[in-house]
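Enquirer: Please find final16.txt (compact mmCIF, C-alpha atoms) on the next line:
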```
# COMPACT_ATOMS: atom_id res chain seq x y z
CA GLU A 1 0.00 0.00 0.00
CA LEU A 2 1.31 3.42 -1.01
CA ASP A 3 0.03 6.92 -0.49
CA LEU A 4 -0.25 9.31 -3.43
CA ARG A 5 3.10 11.02 -2.83
CA GLU A 6 4.96 7.68 -2.72
CA ALA A 7 3.28 6.55 -5.92
CA ALA A 8 4.08 9.87 -7.62
CA PHE A 9 7.77 10.12 -6.73
CA GLY A 10 8.74 6.53 -5.92
CA THR A 11 10.02 5.13 -2.65
CA THR A 12 11.95 2.26 -1.07
CA ARG A 13 10.15 -0.26 1.10
CA GLU A 14 11.28 -3.13 3.29
CA LEU A 15 9.13 -6.22 2.83
CA VAL A 16 9.02 -9.22 5.13
CA VAL A 17 8.17 -12.38 3.18
CA ASP A 18 7.73 -16.00 4.23
CA THR A 19 9.52 -18.08 1.64
CA ALA A 20 11.55 -21.24 0.97
CA ILE A 21 15.34 -21.05 0.84
CA LEU A 22 18.10 -23.60 0.17
CA CYS A 23 18.68 -26.05 3.01
CA GLU A 24 22.17 -25.35 4.33
CA VAL A 25 22.57 -28.84 5.83
CA CYS A 26 22.17 -30.84 2.60
CA THR A 27 22.80 -27.91 0.19
CA GLY A 28 19.62 -28.77 -1.66
CA SER A 29 20.23 -32.46 -2.31
CA GLY A 30 17.67 -33.58 0.27
CA ALA A 31 19.90 -36.44 1.45
CA ALA A 32 21.32 -36.82 4.96
CA ALA A 33 24.98 -36.00 5.58
CA GLY A 34 27.30 -38.69 4.20
CA THR A 35 24.68 -40.09 1.85
CA HIS A 36 23.46 -39.26 -1.61
CA PRO A 37 20.31 -39.87 -3.68
CA ASP A 38 20.17 -43.20 -5.52
CA THR A 39 19.27 -43.46 -9.18
CA CYS A 40 15.71 -44.68 -9.61
CA ASP A 41 15.70 -48.30 -10.75
CA VAL A 42 12.37 -47.91 -12.57
CA CYS A 43 13.13 -44.99 -14.91
CA HIS A 44 16.95 -45.30 -14.62
CA GLY A 45 17.32 -41.62 -13.86
CA ARG A 46 15.19 -40.29 -16.74
CA GLY A 47 12.31 -39.21 -14.48
CA GLU A 48 9.69 -40.61 -16.85
CA VAL A 49 8.49 -43.93 -18.14
CA SER A 50 7.19 -44.75 -21.60
CA GLN A 51 4.39 -47.06 -22.61
CA VAL A 52 3.54 -48.40 -26.05
CA THR A 53 -0.11 -49.01 -26.94
CA ARG A 54 -1.71 -50.25 -30.11
CA SER A 55 -4.44 -48.33 -31.94
CA PHE A 56 -5.98 -48.29 -35.39
CA LEU A 57 -3.22 -45.82 -36.32
CA GLY A 58 -0.53 -48.24 -35.25
CA GLN A 59 1.72 -48.20 -32.21
CA VAL A 60 1.49 -45.06 -30.03
CA MET A 61 4.15 -44.27 -27.43
CA THR A 62 3.18 -42.14 -24.43
CA SER A 63 5.36 -40.86 -21.59
CA ARG A 64 4.43 -39.97 -18.04
CA PRO A 65 6.32 -39.07 -14.84
CA CYS A 66 7.87 -42.01 -13.10
CA PRO A 67 5.50 -43.20 -10.35
CA GLN A 68 8.34 -44.28 -8.08
CA CYS A 69 10.56 -41.18 -8.04
CA GLY A 70 7.89 -38.62 -8.95
CA GLY A 71 9.84 -37.44 -11.98
CA PHE A 72 13.07 -36.58 -10.13
CA GLY A 73 15.05 -39.52 -11.51
CA SER A 74 16.46 -40.35 -8.08
CA ILE A 75 15.26 -41.68 -4.75
CA ILE A 76 16.38 -40.40 -1.35
CA ARG A 77 16.81 -43.39 0.94
CA ASN A 78 18.05 -41.33 3.91
CA PRO A 79 16.36 -37.89 3.82
CA CYS A 80 17.91 -34.86 5.50
CA GLN A 81 16.41 -34.31 8.93
CA GLU A 82 16.47 -30.53 8.51
CA CYS A 83 14.37 -30.31 5.33
CA SER A 84 12.82 -33.84 5.31
CA GLY A 85 14.31 -34.50 1.88
CA ASP A 86 12.81 -31.43 0.17
CA GLY A 87 16.14 -29.65 -0.22
CA ARG A 88 14.68 -26.39 1.11
CA VAL A 89 13.40 -24.95 4.37
CA ARG A 90 10.83 -22.27 5.21
CA THR A 91 12.07 -19.00 6.63
CA ARG A 92 11.19 -15.33 6.94
CA ARG A 93 13.40 -12.77 5.30
CA THR A 94 13.45 -9.03 4.70
CA ILE A 95 14.13 -7.54 1.29
CA LYS A 96 14.39 -3.94 0.13
CA VAL A 97 12.25 -3.01 -2.83
CA ARG A 98 12.61 0.14 -4.91
CA ILE A 99 9.21 1.35 -6.08
CA PRO A 100 9.61 3.43 -9.27
CA ALA A 101 7.93 6.81 -9.62
CA GLY A 102 4.60 6.83 -11.43
CA VAL A 103 3.14 3.50 -10.33
CA GLU A 104 -0.61 3.40 -9.80
CA ASP A 105 -3.26 1.20 -8.28
CA GLY A 106 -3.03 -2.28 -9.80
CA THR A 107 0.55 -1.94 -11.12
CA HIS A 108 2.50 -5.22 -10.92
CA ILE A 109 6.24 -5.24 -10.20
CA GLN A 110 8.23 -8.41 -10.94
CA LEU A 111 11.33 -9.07 -8.83
CA ALA A 112 13.31 -11.71 -10.69
CA GLY A 113 14.88 -14.42 -8.52
CA GLU A 114 13.28 -13.19 -5.30
CA GLY A 115 10.71 -15.99 -5.13
CA GLU A 116 10.98 -19.44 -3.56
CA ILE A 117 13.78 -21.93 -4.21
CA GLY A 118 12.51 -24.88 -6.24
CA PRO A 119 12.29 -28.42 -4.78
CA GLY A 120 15.60 -30.24 -4.68
CA GLY A 121 17.53 -26.98 -4.76
CA GLY A 122 16.01 -25.84 -8.05
CA PRO A 123 16.32 -22.24 -9.26
CA PRO A 124 14.27 -19.61 -7.44
CA GLY A 125 11.07 -18.19 -8.88
CA ASP A 126 10.05 -14.54 -9.00
CA LEU A 127 8.27 -12.32 -6.52
CA PHE A 128 5.34 -10.27 -7.81
CA LEU A 129 4.14 -7.13 -6.04
CA GLU A 130 0.76 -5.53 -6.67
CA ILE A 131 0.49 -1.82 -5.88
CA VAL A 132 -2.51 -0.61 -3.88
CA GLU A 133 -2.78 3.19 -3.89
CA ARG A 134 -4.60 4.73 -0.95
CA PRO A 135 -7.11 7.52 -1.75
CA HIS A 136 -5.95 11.09 -1.14
CA GLU A 137 -8.03 13.49 0.91
CA ILE A 138 -7.85 16.27 -1.70
CA PHE A 139 -6.57 15.01 -5.04
CA GLU A 140 -8.17 12.51 -7.41
CA ARG A 141 -5.80 10.78 -9.78
CA ARG A 142 -6.69 10.21 -13.43
CA GLY A 143 -3.71 8.68 -15.19
CA ASP A 144 -0.77 11.04 -14.67
CA ASP A 145 -3.00 14.06 -13.94
CA LEU A 146 -4.37 15.16 -10.58
CA HIS A 147 -7.76 16.80 -10.13
CA CYS A 148 -9.26 18.72 -7.24
CA THR A 149 -12.12 21.17 -6.67
CA VAL A 150 -11.90 24.52 -4.94
CA GLN A 151 -14.98 26.39 -3.75
CA ILE A 152 -14.79 30.19 -3.66
CA PRO A 153 -17.40 32.88 -2.93
CA MET A 154 -18.82 34.81 -5.86
CA THR A 155 -17.07 37.98 -4.74
CA ALA A 156 -13.67 36.28 -5.03
CA ALA A 157 -14.64 34.91 -8.45
CA ALA A 158 -15.70 38.37 -9.64
CA LEU A 159 -12.77 40.32 -8.18
CA GLY A 160 -10.07 37.66 -8.35
CA THR A 161 -7.95 36.38 -5.49
CA ILE A 162 -4.81 34.44 -4.57
CA LEU A 163 -5.27 31.04 -2.91
CA THR A 164 -2.69 28.80 -1.28
CA LEU A 165 -2.81 25.12 -2.27
CA GLU A 166 -0.75 22.32 -0.71
CA SER A 167 0.34 20.31 -3.74
CA LEU A 168 2.63 17.27 -3.80
CA ASP A 169 5.56 19.68 -4.22
CA GLY A 170 4.58 21.94 -1.32
CA SER A 171 2.70 25.24 -1.14
CA GLU A 172 1.54 26.67 -4.46
CA GLU A 173 -0.04 30.08 -5.09
CA LEU A 174 -3.19 29.76 -7.16
CA ASP A 175 -4.08 32.88 -9.13
CA VAL A 176 -7.85 33.13 -9.54
CA ARG A 177 -8.38 35.72 -12.26
CA PRO A 178 -11.20 38.29 -12.01
CA GLY A 179 -14.34 37.02 -13.72
CA THR A 180 -13.65 33.34 -13.12
CA GLN A 181 -16.74 31.25 -13.80
CA SER A 182 -18.05 28.22 -11.98
CA GLY A 183 -16.86 25.08 -13.74
CA GLN A 184 -13.72 26.75 -15.05
CA THR A 185 -10.43 24.81 -14.73
CA ILE A 186 -7.14 26.33 -13.60
CA PRO A 187 -4.15 24.19 -14.66
CA LEU A 188 -0.82 23.92 -12.88
CA TYR A 189 1.36 22.33 -15.55
CA GLY A 190 3.92 19.74 -14.50
CA LYS A 191 2.56 19.41 -10.95
CA GLY A 192 0.97 15.99 -11.42
CA ILE A 193 2.37 12.46 -11.33
CA GLN A 194 5.77 11.46 -12.68
CA ARG A 195 5.25 9.39 -15.83
CA LEU A 196 6.22 5.76 -15.25
CA ASN A 197 9.53 4.90 -16.99
CA GLU A 198 9.37 8.20 -18.90
CA THR A 199 10.40 11.80 -18.45
CA GLY A 200 7.99 14.55 -17.51
CA ARG A 201 4.99 14.79 -15.25
CA GLY A 202 1.26 15.19 -15.60
CA ASP A 203 -0.68 18.30 -14.63
CA LEU A 204 -2.64 19.43 -11.62
CA LEU A 205 -6.09 20.63 -12.65
CA ILE A 206 -8.15 22.73 -10.21
CA HIS A 207 -11.88 22.87 -10.94
CA VAL A 208 -13.52 26.05 -9.65
CA ASN A 209 -16.92 25.97 -7.97
CA VAL A 210 -18.37 29.44 -7.34
CA GLU A 211 -20.56 29.55 -4.25
CA THR A 212 -23.67 31.75 -4.33
CA PRO A 213 -24.74 32.98 -0.87
CA ALA A 214 -28.05 31.50 0.24
CA ARG A 215 -28.70 34.06 2.97
CA LEU A 216 -28.05 37.80 2.95
CA ASP A 217 -28.52 40.37 5.65
CA GLN A 218 -30.21 43.66 4.80
CA ALA A 219 -27.00 45.57 4.12
CA GLN A 220 -25.63 42.84 1.84
CA GLU A 221 -28.90 42.60 -0.06
CA GLU A 222 -28.97 46.36 -0.62
CA LEU A 223 -25.41 46.31 -1.92
CA LEU A 224 -26.18 43.51 -4.35
CA ARG A 225 -29.32 45.25 -5.58
CA GLU A 226 -27.29 48.39 -6.15
CA LEU A 227 -24.70 46.35 -8.07
CA ALA A 228 -27.44 44.79 -10.19
CA ARG A 229 -28.85 48.26 -10.92
CA LEU A 230 -25.44 49.60 -11.95
CA ARG A 231 -24.87 46.64 -14.25
CA GLY A 232 -28.38 46.71 -15.68
CA GLU A 233 -29.11 43.23 -14.37
CA GLU A 234 -32.23 43.90 -12.30
CA ARG A 235 -34.29 41.73 -14.68
CA PRO A 236 -31.76 39.78 -16.78
CA PRO A 237 -33.16 37.85 -19.75
CA GLY A 238 -30.98 34.79 -19.07
CA LYS A 239 -29.24 32.57 -21.61
CA PHE A 240 -30.93 29.28 -22.34
CA ALA A 241 -29.20 26.25 -23.88
CA PRO A 242 -29.93 22.53 -24.24
CA GLY A 243 -29.71 20.69 -20.95
CA GLN A 244 -27.61 17.84 -22.32
CA GLN A 245 -25.08 18.00 -25.13
CA GLY A 246 -24.68 15.04 -27.43
CA PHE A 247 -21.39 13.20 -27.85
CA PHE A 248 -20.52 14.85 -31.17
CA SER A 249 -21.36 18.29 -29.79
CA ARG A 250 -19.00 17.77 -26.86
CA LEU A 251 -16.35 16.45 -29.24
CA ARG A 252 -16.75 19.52 -31.47
CA ASP A 253 -16.50 21.87 -28.49
CA ALA A 254 -13.38 20.09 -27.30
CA PHE A 255 -11.68 20.61 -30.68
CA ASN A 256 -12.78 24.25 -30.69
CA GLY A 257 -11.34 24.78 -27.22
CA ARG A 258 -14.65 25.59 -25.57
```
Now, as a test, write the supplied structure out as structure tokens.
Expert:
Amino acid sequence: ELDLREAAFGTTRELVVDTAILCEVCTGSGAAAGTHPDTCDVCHGRGEVSQVTRSFLGQVMTSRPCPQCGGFGSIIRNPCQECSGDGRVRTRRTIKVRIPAGVEDGTHIQLAGEGEIGPGGGPPGDLFLEIVERPHEIFERRGDDLHCTVQIPMTAAALGTILTLESLDGSEELDVRPGTQSGQTIPLYGKGIQRLNETGRGDLLIHVNVETPARLDQAQEELLRELARLRGEERPPGKFAPGQQGFFSRLRDAFNGR
């Protein structure tokens, strides 16, 4: 589990894993000290047995693992007491893992050779990590971009203001221009997530929500009425538009930069 900052910039974690390692007593052979595995007298060390059957196509030869040695080709008469003839023992070990910058929820990381030792001292497998990214209290991640919403009063939207935002890089000054509309997006370029295995970063996109006051005292109401009179908005006609845009209309607006 990683938080958003760790996923964005990468980190190093220590993982404790229960795994199988090479038995140090028999060095993987599975045989007790002073002894050695004997060659299987059924398959003669091949690990498989063949059988010939007759069919309408003629003679058919099939092979299967040797039932006596289980496919190993040898039999341990005197198994190692430490590993019971398996050639490996269970243990708990700690490994350091470097998490690259830009990983996201569901990313898989393969650590070659960090898995379990195979039976009989065989080569080790791999260790797979799955990244789980914890939700952030402010930012929502969409690919390499970050999104958040800021709510400002209508006076700040009309007059403009400077806001302070705690981004992943620290404090950022957000310049809200005079006349900012509700639904408008303010981008902070290069303040998003580091691109995985690439150069550059995504963007931080702030969506503005202008808050209209629900309750006004008498003085505030008089001031607003005076403002409406000065702007000629005492009885505005309003601008009507379709409630829902179709897909092609939204696509056209996107190309036109609307």
Enquirer: Rounded to one decimal place, report the atom CA of Phe72 of chain A-atom CA of Cys43 of chain A distance in Å.
Expert: 9.7 Å
Enquirer: Have a look at A:Gly28, A:Pro236, A:Gly170, A:Pro178 and name the one nearest to Lys191 of chain A; count only C-alpha atoms.
Expert: A:Gly170
Enquirer: Please write as a PDB file with C-alpha atoms, in the frame of the given file the list of polymer residues whose atoms come within 9 Å of (-3.4, 16.6, -9.8), counting only C-alpha atoms and keeping to the coordinates of the file.
Expert:
```pdb
ATOM      1  CA  PHE A 139      -6.570  15.010  -5.040  1.00  0.00           C
ATOM      2  CA  GLU A 140      -8.170  12.510  -7.410  1.00  0.00           C
ATOM      3  CA  ARG A 141      -5.800  10.780  -9.780  1.00  0.00           C
ATOM      4  CA  ARG A 142      -6.690  10.210 -13.430  1.00  0.00           C
ATOM      5  CA  ASP A 144      -0.770  11.040 -14.670  1.00  0.00           C
ATOM      6  CA  ASP A 145      -3.000  14.060 -13.940  1.00  0.00           C
ATOM      7  CA  LEU A 146      -4.370  15.160 -10.580  1.00  0.00           C
ATOM      8  CA  HIS A 147      -7.760  16.800 -10.130  1.00  0.00           C
ATOM      9  CA  CYS A 148      -9.260  18.720  -7.240  1.00  0.00           C
ATOM     10  CA  SER A 167       0.340  20.310  -3.740  1.00  0.00           C
ATOM     11  CA  LEU A 168       2.630  17.270  -3.800  1.00  0.00           C
ATOM     12  CA  LEU A 188      -0.820  23.920 -12.880  1.00  0.00           C
ATOM     13  CA  LYS A 191       2.560  19.410 -10.950  1.00  0.00           C
ATOM     14  CA  GLY A 192       0.970  15.990 -11.420  1.00  0.00           C
ATOM     15  CA  ILE A 193       2.370  12.460 -11.330  1.00  0.00           C
ATOM     16  CA  GLY A 202       1.260  15.190 -15.600  1.00  0.00           C
ATOM     17  CA  ASP A 203      -0.680  18.300 -14.630  1.00  0.00           C
ATOM     18  CA  LEU A 204      -2.640  19.430 -11.620  1.00  0.00           C
ATOM     19  CA  LEU A 205      -6.090  20.630 -12.650  1.00  0.00           C
ATOM     20  CA  ILE A 206      -8.150  22.730 -10.210  1.00  0.00           C
TER      21      ILE A 206
END
```
Enquirer: Can you pull out every residue within 10 Å of segment 92-94 of chain A, counting only C-alpha atoms, but drop anything in the same chain fewer than 3 positions away, and send it as a PDB file with C-alpha atoms, keeping the file's coordinate frame?
Expert:
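Everything below was put into out.pdb:
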```pdb
ATOM      1  CA  GLU A  14      11.280  -3.130   3.290  1.00  0.00           C
ATOM      2  CA  LEU A  15       9.130  -6.220   2.830  1.00  0.00           C
ATOM      3  CA  VAL A  16       9.020  -9.220   5.130  1.00  0.00           C
ATOM      4  CA  VAL A  17       8.170 -12.380   3.180  1.00  0.00           C
ATOM      5  CA  ASP A  18       7.730 -16.000   4.230  1.00  0.00           C
ATOM      6  CA  THR A  19       9.520 -18.080   1.640  1.00  0.00           C
ATOM      7  CA  ALA A  20      11.550 -21.240   0.970  1.00  0.00           C
ATOM      8  CA  ILE A  21      15.340 -21.050   0.840  1.00  0.00           C
ATOM      9  CA  VAL A  97      12.250  -3.010  -2.830  1.00  0.00           C
TER      10      VAL A  97
END
```
Enquirer: If I take atom CA of Gln68 of chain A and atom CA of Cys40 of chain A, how far is one from the other in Å, to one decimal?
Expert: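 According to the coordinates, atom CA of Gln68 of chain A and atom CA of Cys40 of chain A are separated by 7.5 Å.
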Enquirer: May I ask which of the residues A:Pro187, A:Ser29, A:Pro242, A:Arg88 is the closest one to Glu172 of chain A, counting only C-alpha atoms?
Expert: A:Pro187
Enquirer: Fewer than 4 positions away in the same chain doesn't count, so skip those; otherwise give me all residues within 9 Å of segment 125-135 of chain A, counting only C-alpha atoms, as a list in words.
Expert: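 The filter keeps Glu1, Leu2, Asp3, Leu4, Ala7, Val103, Glu104, Asp105, Gly106, Thr107, His108, Ile109, Gln110, Leu111, Ala112, Gly113, Glu114, Gly115, Glu116, Ile117, Gly118, Phe139, Glu140 and Arg141 of chain A.
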